[in-house]
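Novice: This is the structure I have questions about; it appears just below.
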Amino acid sequence: MTKQKNVVLEGFNNLTKTLSFNLYDICYAPSRRAQDAYIEYIDETFNAERLTSILTDVTEIIGAQILNIARYDYDPQGASVTMLIAEGGDRLADNNQEAPGPLPESVVGALDKSHVTVHTYPERHPVEGISTFRADIDVSTCGEISPLKALNLLIHSFESDIVTIDYRVRGFTRDVDGTKHFIDHDIHSIQNYIDPETLALYEAVDFNLHRENIFLTKLRRQSLNLDDYLFSVSSADLDEESREAIFNLLEVEMT
């Protein structure tokens with residue numbers, strides 16, 4: 001076995017910053033055939049290859065390099081990708097600034113240390129025609145780089161109805177005078193890292209424990225266009241009573 005060369009760490013400060021990003025897509029598929037087609041669509045759209053591409057963009061945004069990738073497509077459905085990452089390359093100069101990160105069309109950068117993972121969970125519900133797709137994404141970094149800059153890319157990559165974001169900083173580091181620091185950047189709300197036009201699409205609520213360096217934001221899409229949530233059926237083919245019933249089902253599911 002060939003011994004691997006040690007990875008050289010830059011800006012290492014013993015703080016671990018973890019962003020957990022859970023998102024949900026909801027649709028109405030009235031028949032078993034439509035539900036099967038929805039699951040097939042999700043599996044094809046967010047297969048391991050596509051997820052790898054999204055996570056690669058994440059690593060570029062937060063300023064890291066990829067050390068290793070493991071990815072799998074599952075039978076009957078779902079996919080997982082895990083990347084081992086390390087700090088390096090051209091980092092964003094304002095990586096720790098409390099401001100929105102770049103949108104998907106303006107990705108710049110690379111990442112190392114720690115890891116990025118994504119797992120998908122397509123699911124059909126046994127009654128009422130509701131089907132859902134959940135994706136769980138974790139971005140965990142050590143050192144100077146921050147995972148918060150990846151939020152805009154992730155939200156736009158999945159165009160989700162419900163988004164739950166939690167961010168925490170663990171451990172401590174010392175400055176050159178030996179003083180302990182339990183966080184190395186200012187943060188008041190996760191919402192400040194989301195593009196204002198994107199944030200305007202959602203109802204947002206925060207639950208923050210500043211003394212513990214734990215921050216949580218929940219997003220729910222504000223306006224629903226029924227046709228965006230119908231699979232294998234159009235609202236034009238439904239009577240008013242059916243449209244209202246389906247709309248209420250979607251509202252209850254989101255709540």
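Note on naming: chains are A, B, ... as they come in the structure tokens, residues start from 1 per chain, ligands start from 1 in the order shown.
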Taking 4 positions as the minimum chain separation for residues in the same chain, which residues sit within 9 Å of Val58 (chain A) when counting only C-alpha atoms? Answer as a short mmCIF file (atom, residue, chain, number, x, y, z; two decimals) with C-alpha atoms, in the first residue's frame.

Specialist:
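See part_21.cif below for the written result:
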data_model
loop_
_atom_site.label_atom_id
_atom_site.label_comp_id
_atom_site.auth_asym_id
_atom_site.auth_seq_id
_atom_site.Cartn_x
_atom_site.Cartn_y
_atom_site.Cartn_z
CA SER A 53 -21.96 18.70 -9.79
CA ILE A 54 -23.94 20.75 -7.25
CA ILE A 62 -16.68 28.42 -0.11
CA GLY A 63 -13.05 28.17 -1.22
CA ALA A 64 -11.89 24.56 -0.95
CA VAL A 107 -19.73 30.82 -8.90
CA ALA A 110 -12.57 26.20 -4.31
CA LEU A 111 -12.54 24.05 -0.75
CA VAL A 116 -19.78 17.92 2.15
CA VAL A 139 -21.34 21.29 4.73
CA PRO A 147 -20.11 27.19 4.46
CA LYS A 149 -21.68 31.38 1.29
CA ALA A 150 -23.17 28.30 -0.40
CA LEU A 151 -26.77 29.04 0.65
CA LEU A 153 -26.55 28.17 -4.78
CA LEU A 154 -28.26 25.41 -2.79
#

Novice: Write out as a tab-separated table a residue-level contact list of region 196-252 of chain A versus region 126-138 of chain A with cut-off 10 Å: for each qualifying residue the closest pair of atoms and the distance in Å to one decimal, counting only C-alpha atoms, rows sorted by chain and residue number upward.

Specialist:
residue	atom	partner	partner_atom	distance
A:Tyr229	CA	A:Ile130	CA	9.7
A:Leu230	CA	A:Ile130	CA	9.7
A:Phe231	CA	A:Ser131	CA	9.5
A:Ile246	CA	A:Glu128	CA	8.8
A:Leu249	CA	A:Ile130	CA	7.8
A:Leu250	CA	A:Ile130	CA	7.6

Novice: Could you name the residues that touch Ile39 (chain A) at 8 Å or less, counting only C-alpha atoms, but leaving out those on the same chain fewer than 6 positions away, as a PDB file with all heavy atoms, in the first residue's frame?

Specialist:
ATOM      1  N   GLN A  77     -34.817   3.961  -5.077  1.00  0.00           N
ATOM      2  CA  GLN A  77     -34.803   5.398  -5.302  1.00  0.00           C
ATOM      3  C   GLN A  77     -33.836   6.069  -4.334  1.00  0.00           C
ATOM      4  O   GLN A  77     -33.455   5.501  -3.323  1.00  0.00           O
ATOM      5  CB  GLN A  77     -36.216   5.987  -5.115  1.00  0.00           C
ATOM      6  CG  GLN A  77     -36.769   5.780  -3.717  1.00  0.00           C
ATOM      7  CD  GLN A  77     -38.270   5.561  -3.704  1.00  0.00           C
ATOM      8  OE1 GLN A  77     -38.829   4.958  -4.615  1.00  0.00           O
ATOM      9  NE2 GLN A  77     -38.910   6.068  -2.670  1.00  0.00           N
ATOM     10  N   PRO A 122     -36.800  10.634  -2.135  1.00  0.00           N
ATOM     11  CA  PRO A 122     -38.097  10.748  -2.820  1.00  0.00           C
ATOM     12  C   PRO A 122     -39.111   9.832  -2.122  1.00  0.00           C
ATOM     13  O   PRO A 122     -38.764   8.738  -1.678  1.00  0.00           O
ATOM     14  CB  PRO A 122     -37.802  10.254  -4.243  1.00  0.00           C
ATOM     15  CG  PRO A 122     -36.308  10.140  -4.333  1.00  0.00           C
ATOM     16  CD  PRO A 122     -35.808   9.921  -2.945  1.00  0.00           C
ATOM     17  N   GLU A 123     -40.363  10.298  -2.042  1.00  0.00           N
ATOM     18  CA  GLU A 123     -41.355   9.500  -1.322  1.00  0.00           C
ATOM     19  C   GLU A 123     -42.752   9.751  -1.868  1.00  0.00           C
ATOM     20  O   GLU A 123     -43.141  10.890  -2.122  1.00  0.00           O
ATOM     21  CB  GLU A 123     -41.329   9.870   0.174  1.00  0.00           C
ATOM     22  CG  GLU A 123     -42.324   9.090   1.011  1.00  0.00           C
ATOM     23  CD  GLU A 123     -42.305   9.514   2.476  1.00  0.00           C
ATOM     24  OE1 GLU A 123     -41.862  10.649   2.753  1.00  0.00           O
ATOM     25  OE2 GLU A 123     -42.750   8.732   3.322  1.00  0.00           O
ATOM     26  N   ARG A 124     -43.499   8.679  -2.062  1.00  0.00           N
ATOM     27  CA  ARG A 124     -44.919   8.800  -2.390  1.00  0.00           C
ATOM     28  C   ARG A 124     -45.730   8.529  -1.133  1.00  0.00           C
ATOM     29  O   ARG A 124     -45.381   7.660  -0.338  1.00  0.00           O
ATOM     30  CB  ARG A 124     -45.308   7.828  -3.498  1.00  0.00           C
ATOM     31  CG  ARG A 124     -45.253   6.375  -3.086  1.00  0.00           C
ATOM     32  CD  ARG A 124     -45.908   5.473  -4.130  1.00  0.00           C
ATOM     33  NE  ARG A 124     -45.229   5.551  -5.399  1.00  0.00           N
ATOM     34  CZ  ARG A 124     -44.144   4.843  -5.715  1.00  0.00           C
ATOM     35  NH1 ARG A 124     -43.603   4.036  -4.807  1.00  0.00           N
ATOM     36  NH2 ARG A 124     -43.587   4.927  -6.896  1.00  0.00           N
TER      37      ARG A 124
END

Novice: Of the residues A:Arg32, A:Lys218, A:Lys180, A:His119, which is the one nearest to Asp73 (chain A), using only C-alpha atoms?

Specialist: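 Going through A:Arg32, A:Lys218, A:Lys180, A:His119 one by one, the smallest distance to Asp73 (chain A) is for A:His119.
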
Novice: Would you please work out which residue, of A:Tyr202, A:Phe46, A:Tyr28, A:Phe207, is nearest to Asp166 (chain A) when using only C-alpha atoms?

Specialist: A:Phe207

Novice: Tell me which protein, DNA and RNA residues are within 10 Å of region 190-199 of chain A, counting only C-alpha atoms, leaving out same-chain ones fewer than 4 positions away, and put them as number ranges by chain.

Specialist: A: 97-103, 148-153, 155-156, 165-167, 203-208, 215-221

Novice: Grab the residues selected above and save them as a compact mmCIF listing (two decimals), in the first residue's frame with C-alpha atoms.

Specialist:
# COMPACT_ATOMS: atom_id res chain seq x y z
CA GLN A 97 -18.58 38.66 5.96
CA GLU A 98 -22.27 38.54 6.89
CA ALA A 99 -23.57 39.02 3.36
CA PRO A 100 -25.20 36.87 0.66
CA GLY A 101 -22.99 34.47 -1.26
CA PRO A 102 -22.97 34.30 -5.06
CA LEU A 103 -25.89 33.07 -7.12
CA LEU A 148 -22.73 29.97 4.66
CA LYS A 149 -21.68 31.38 1.29
CA ALA A 150 -23.17 28.30 -0.40
CA LEU A 151 -26.77 29.04 0.65
CA ASN A 152 -27.90 30.86 -2.49
CA LEU A 153 -26.55 28.17 -4.78
CA ILE A 155 -31.63 27.15 -2.63
CA HIS A 156 -31.61 27.85 -6.36
CA ILE A 165 -31.22 25.71 7.67
CA ASP A 166 -29.20 25.36 10.82
CA TYR A 167 -25.67 26.58 11.40
CA GLU A 203 -41.84 33.38 4.76
CA ALA A 204 -38.84 33.26 7.10
CA VAL A 205 -38.50 32.76 10.84
CA ASP A 206 -35.36 32.55 13.00
CA PHE A 207 -34.54 30.62 16.17
CA ASN A 208 -31.10 31.69 17.38
CA PHE A 215 -28.54 29.59 14.42
CA LEU A 216 -31.70 28.24 12.72
CA THR A 217 -33.81 29.66 9.91
CA LYS A 218 -36.96 28.12 8.45
CA LEU A 219 -38.28 29.16 5.05
CA ARG A 220 -41.68 28.44 3.48
CA ARG A 221 -42.58 29.56 -0.03

Novice: Calculated over only C-alpha atoms, which of the candidates A:Met254, A:Leu55, A:Leu226, A:Leu201 has the smallest distance to Leu23 (chain A)?

Specialist: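 Residue with the minimum atom-to-atom distance to Leu23 (chain A): A:Met254.
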
Novice: Can you list, as a CSV table (one decimal) with all heavy atoms, in the first residue's frame, every protein, DNA or RNA residue that comes within 12 Å of Arg174 (chain A) when you count only C-alpha atoms, leaving out same-chain residues fewer than 3 positions away?

Specialist:
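Once everything was written out, this is out22.csv:
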chain,number,residue,atom,x,y,z
A,12,PHE,N,-5.7,27.1,9.5
A,12,PHE,CA,-6.3,26.1,10.4
A,12,PHE,C,-6.5,26.8,11.8
A,12,PHE,O,-5.6,27.3,12.3
A,12,PHE,CB,-5.5,24.9,10.5
A,12,PHE,CG,-6.2,23.7,11.3
A,12,PHE,CD1,-7.2,23.1,10.6
A,12,PHE,CD2,-5.8,23.4,12.5
A,12,PHE,CE1,-7.9,22.1,11.3
A,12,PHE,CE2,-6.5,22.3,13.2
A,12,PHE,CZ,-7.5,21.7,12.6
A,13,ASN,N,-7.7,26.7,12.3
A,13,ASN,CA,-8.0,27.4,13.6
A,13,ASN,C,-8.8,26.6,14.6
A,13,ASN,O,-9.3,27.1,15.6
A,13,ASN,CB,-8.6,28.8,13.4
A,13,ASN,CG,-10.0,28.7,12.8
A,13,ASN,OD1,-10.6,27.7,12.7
A,13,ASN,ND2,-10.5,29.9,12.4
A,14,ASN,N,-9.0,25.3,14.3
A,14,ASN,CA,-9.7,24.4,15.3
A,14,ASN,C,-11.1,24.7,15.5
A,14,ASN,O,-11.8,24.2,16.4
A,14,ASN,CB,-8.9,24.4,16.6
A,14,ASN,CG,-7.7,23.5,16.6
A,14,ASN,OD1,-7.7,22.5,15.8
A,14,ASN,ND2,-6.7,23.8,17.4
A,15,LEU,N,-11.8,25.6,14.8
A,15,LEU,CA,-13.2,25.8,14.8
A,15,LEU,C,-13.9,25.0,13.7
A,15,LEU,O,-13.4,25.0,12.6
A,15,LEU,CB,-13.5,27.3,14.6
A,15,LEU,CG,-13.2,28.2,15.8
A,15,LEU,CD1,-13.5,29.7,15.3
A,15,LEU,CD2,-14.0,27.9,17.0
A,171,GLY,N,-16.2,24.0,19.1
A,171,GLY,CA,-14.8,24.1,19.4
A,171,GLY,C,-14.3,25.5,19.7
A,171,GLY,O,-15.1,26.4,19.9
A,177,ASP,N,-2.1,35.8,21.2
A,177,ASP,CA,-1.9,36.1,22.7
A,177,ASP,C,-2.4,35.0,23.6
A,177,ASP,O,-2.3,35.2,24.8
A,177,ASP,CB,-2.6,37.4,23.0
A,177,ASP,CG,-2.0,38.6,22.2
A,177,ASP,OD1,-0.8,38.7,22.1
A,177,ASP,OD2,-2.8,39.5,21.8
A,178,GLY,N,-3.0,33.9,23.0
A,178,GLY,CA,-3.4,32.8,23.8
A,178,GLY,C,-4.9,32.9,24.2
A,178,GLY,O,-5.4,32.1,24.9
A,179,THR,N,-5.6,34.0,23.8
A,179,THR,CA,-7.0,34.2,24.2
A,179,THR,C,-7.9,33.2,23.4
A,179,THR,O,-7.7,33.1,22.2
A,179,THR,CB,-7.4,35.6,23.9
A,179,THR,OG1,-6.6,36.5,24.6
A,179,THR,CG2,-8.9,35.8,24.3
A,180,LYS,N,-8.8,32.6,24.1
A,180,LYS,CA,-9.7,31.7,23.4
A,180,LYS,C,-10.8,32.4,22.6
A,180,LYS,O,-11.3,33.4,23.1
A,180,LYS,CB,-10.4,30.8,24.4
A,180,LYS,CG,-9.6,29.7,25.0
A,180,LYS,CD,-10.5,28.8,25.9
A,180,LYS,CE,-9.6,27.7,26.6
A,180,LYS,NZ,-10.5,26.9,27.5
A,181,HIS,N,-11.1,31.9,21.4
A,181,HIS,CA,-12.2,32.4,20.6
A,181,HIS,C,-13.1,31.3,20.2
A,181,HIS,O,-12.7,30.3,19.7
A,181,HIS,CB,-11.7,33.1,19.4
A,181,HIS,CG,-10.9,34.3,19.7
A,181,HIS,ND1,-11.4,35.6,19.9
A,181,HIS,CD2,-9.5,34.5,19.9
A,181,HIS,CE1,-10.5,36.4,20.2
A,181,HIS,NE2,-9.3,35.8,20.2
A,182,PHE,N,-14.5,31.4,20.5
A,182,PHE,CA,-15.4,30.3,20.2
A,182,PHE,C,-16.1,30.6,18.8
A,182,PHE,O,-16.9,29.7,18.4
A,182,PHE,CB,-16.4,30.2,21.3
A,182,PHE,CG,-15.8,29.7,22.6
A,182,PHE,CD1,-15.2,30.6,23.5
A,182,PHE,CD2,-15.6,28.3,22.8
A,182,PHE,CE1,-14.6,30.1,24.7
A,182,PHE,CE2,-15.0,27.9,24.0
A,182,PHE,CZ,-14.5,28.8,24.9
A,183,ILE,N,-15.8,31.7,18.2
A,183,ILE,CA,-16.3,32.0,16.9
A,183,ILE,C,-15.4,33.0,16.3
A,183,ILE,O,-14.8,33.8,17.0
A,183,ILE,CB,-17.8,32.5,16.9
A,183,ILE,CG1,-18.4,32.4,15.5
A,183,ILE,CG2,-17.9,33.8,17.5
A,183,ILE,CD1,-19.9,32.6,15.4
A,184,ASP,N,-15.2,33.0,14.9
A,184,ASP,CA,-14.3,33.9,14.3
A,184,ASP,C,-14.9,34.9,13.4
A,184,ASP,O,-14.2,35.5,12.6
A,184,ASP,CB,-13.1,33.1,13.6
A,184,ASP,CG,-13.7,32.3,12.5
A,184,ASP,OD1,-14.9,32.2,12.3
A,184,ASP,OD2,-12.9,31.7,11.8

Novice: What is the CA of His115 (chain A)-CA of Thr141 (chain A) distance in Å, reported with one decimal?

Specialist: 6.7 Å

Novice: Mind pulling up the distance from CA of Glu159 (chain A) to CA of Tyr41 (chain A)?

Specialist: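 Spanning CA of Tyr41 (chain A) to CA of Glu159 (chain A) is a straight-line distance of 14.9 Å.
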
Novice: Among the residues of region 131-246 of chain A, find those DSSP assigns to strand (DSSP E) from the backbone and print them as a PyMOL selection string.

Specialist: chain A and resi 131-142+162-171+173-174+180-181+202-209+214-221

Novice: Could you take the residues named above and write them with C-alpha atoms, as an mmCIF file, in the first residue's frame?

Specialist:
data_model
loop_
_atom_site.group_PDB
_atom_site.id
_atom_site.type_symbol
_atom_site.label_atom_id
_atom_site.label_comp_id
_atom_site.auth_asym_id
_atom_site.auth_seq_id
_atom_site.Cartn_x
_atom_site.Cartn_y
_atom_site.Cartn_z
ATOM 1 C CA SER A 131 -45.636 13.029 -3.112
ATOM 2 C CA THR A 132 -42.521 14.633 -1.690
ATOM 3 C CA PHE A 133 -38.811 14.932 -2.289
ATOM 4 C CA ARG A 134 -36.421 15.682 0.569
ATOM 5 C CA ALA A 135 -32.710 16.433 0.302
ATOM 6 C CA ASP A 136 -30.401 16.674 3.313
ATOM 7 C CA ILE A 137 -27.129 18.530 2.774
ATOM 8 C CA ASP A 138 -24.329 19.026 5.291
ATOM 9 C CA VAL A 139 -21.344 21.295 4.727
ATOM 10 C CA SER A 140 -18.780 21.025 7.526
ATOM 11 C CA THR A 141 -15.560 23.030 7.441
ATOM 12 C CA CYS A 142 -12.586 23.746 9.673
ATOM 13 C CA ILE A 162 -39.698 24.306 2.447
ATOM 14 C CA VAL A 163 -36.125 24.954 3.603
ATOM 15 C CA THR A 164 -34.728 24.399 7.098
ATOM 16 C CA ILE A 165 -31.220 25.714 7.668
ATOM 17 C CA ASP A 166 -29.200 25.356 10.823
ATOM 18 C CA TYR A 167 -25.668 26.580 11.396
ATOM 19 C CA ARG A 168 -23.420 26.012 14.369
ATOM 20 C CA VAL A 169 -19.818 26.723 15.287
ATOM 21 C CA ARG A 170 -18.114 24.251 17.630
ATOM 22 C CA GLY A 171 -14.781 24.082 19.377
ATOM 23 C CA THR A 173 -9.227 28.455 18.823
ATOM 24 C CA ARG A 174 -6.622 30.796 20.307
ATOM 25 C CA LYS A 180 -9.733 31.658 23.402
ATOM 26 C CA HIS A 181 -12.236 32.416 20.636
ATOM 27 C CA TYR A 202 -40.349 32.836 1.351
ATOM 28 C CA GLU A 203 -41.843 33.385 4.764
ATOM 29 C CA ALA A 204 -38.838 33.260 7.097
ATOM 30 C CA VAL A 205 -38.500 32.760 10.841
ATOM 31 C CA ASP A 206 -35.365 32.552 13.002
ATOM 32 C CA PHE A 207 -34.544 30.622 16.168
ATOM 33 C CA ASN A 208 -31.100 31.691 17.377
ATOM 34 C CA LEU A 209 -28.985 30.846 20.425
ATOM 35 C CA ILE A 214 -26.381 27.999 17.117
ATOM 36 C CA PHE A 215 -28.543 29.585 14.419
ATOM 37 C CA LEU A 216 -31.697 28.239 12.724
ATOM 38 C CA THR A 217 -33.812 29.660 9.911
ATOM 39 C CA LYS A 218 -36.964 28.124 8.455
ATOM 40 C CA LEU A 219 -38.284 29.160 5.047
ATOM 41 C CA ARG A 220 -41.675 28.442 3.480
ATOM 42 C CA ARG A 221 -42.575 29.558 -0.028
#

Novice: For CA of His210 (chain A) and CA of His188 (chain A), quote the distance in Å rounded to one decimal.

Specialist: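 So the answer is 7.9 Å.
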
Novice: Just list as number ranges by chain whatever in region 12-104 of chain A DSSP marks as alpha helix (DSSP H).

Specialist: A: 32-45, 48-62
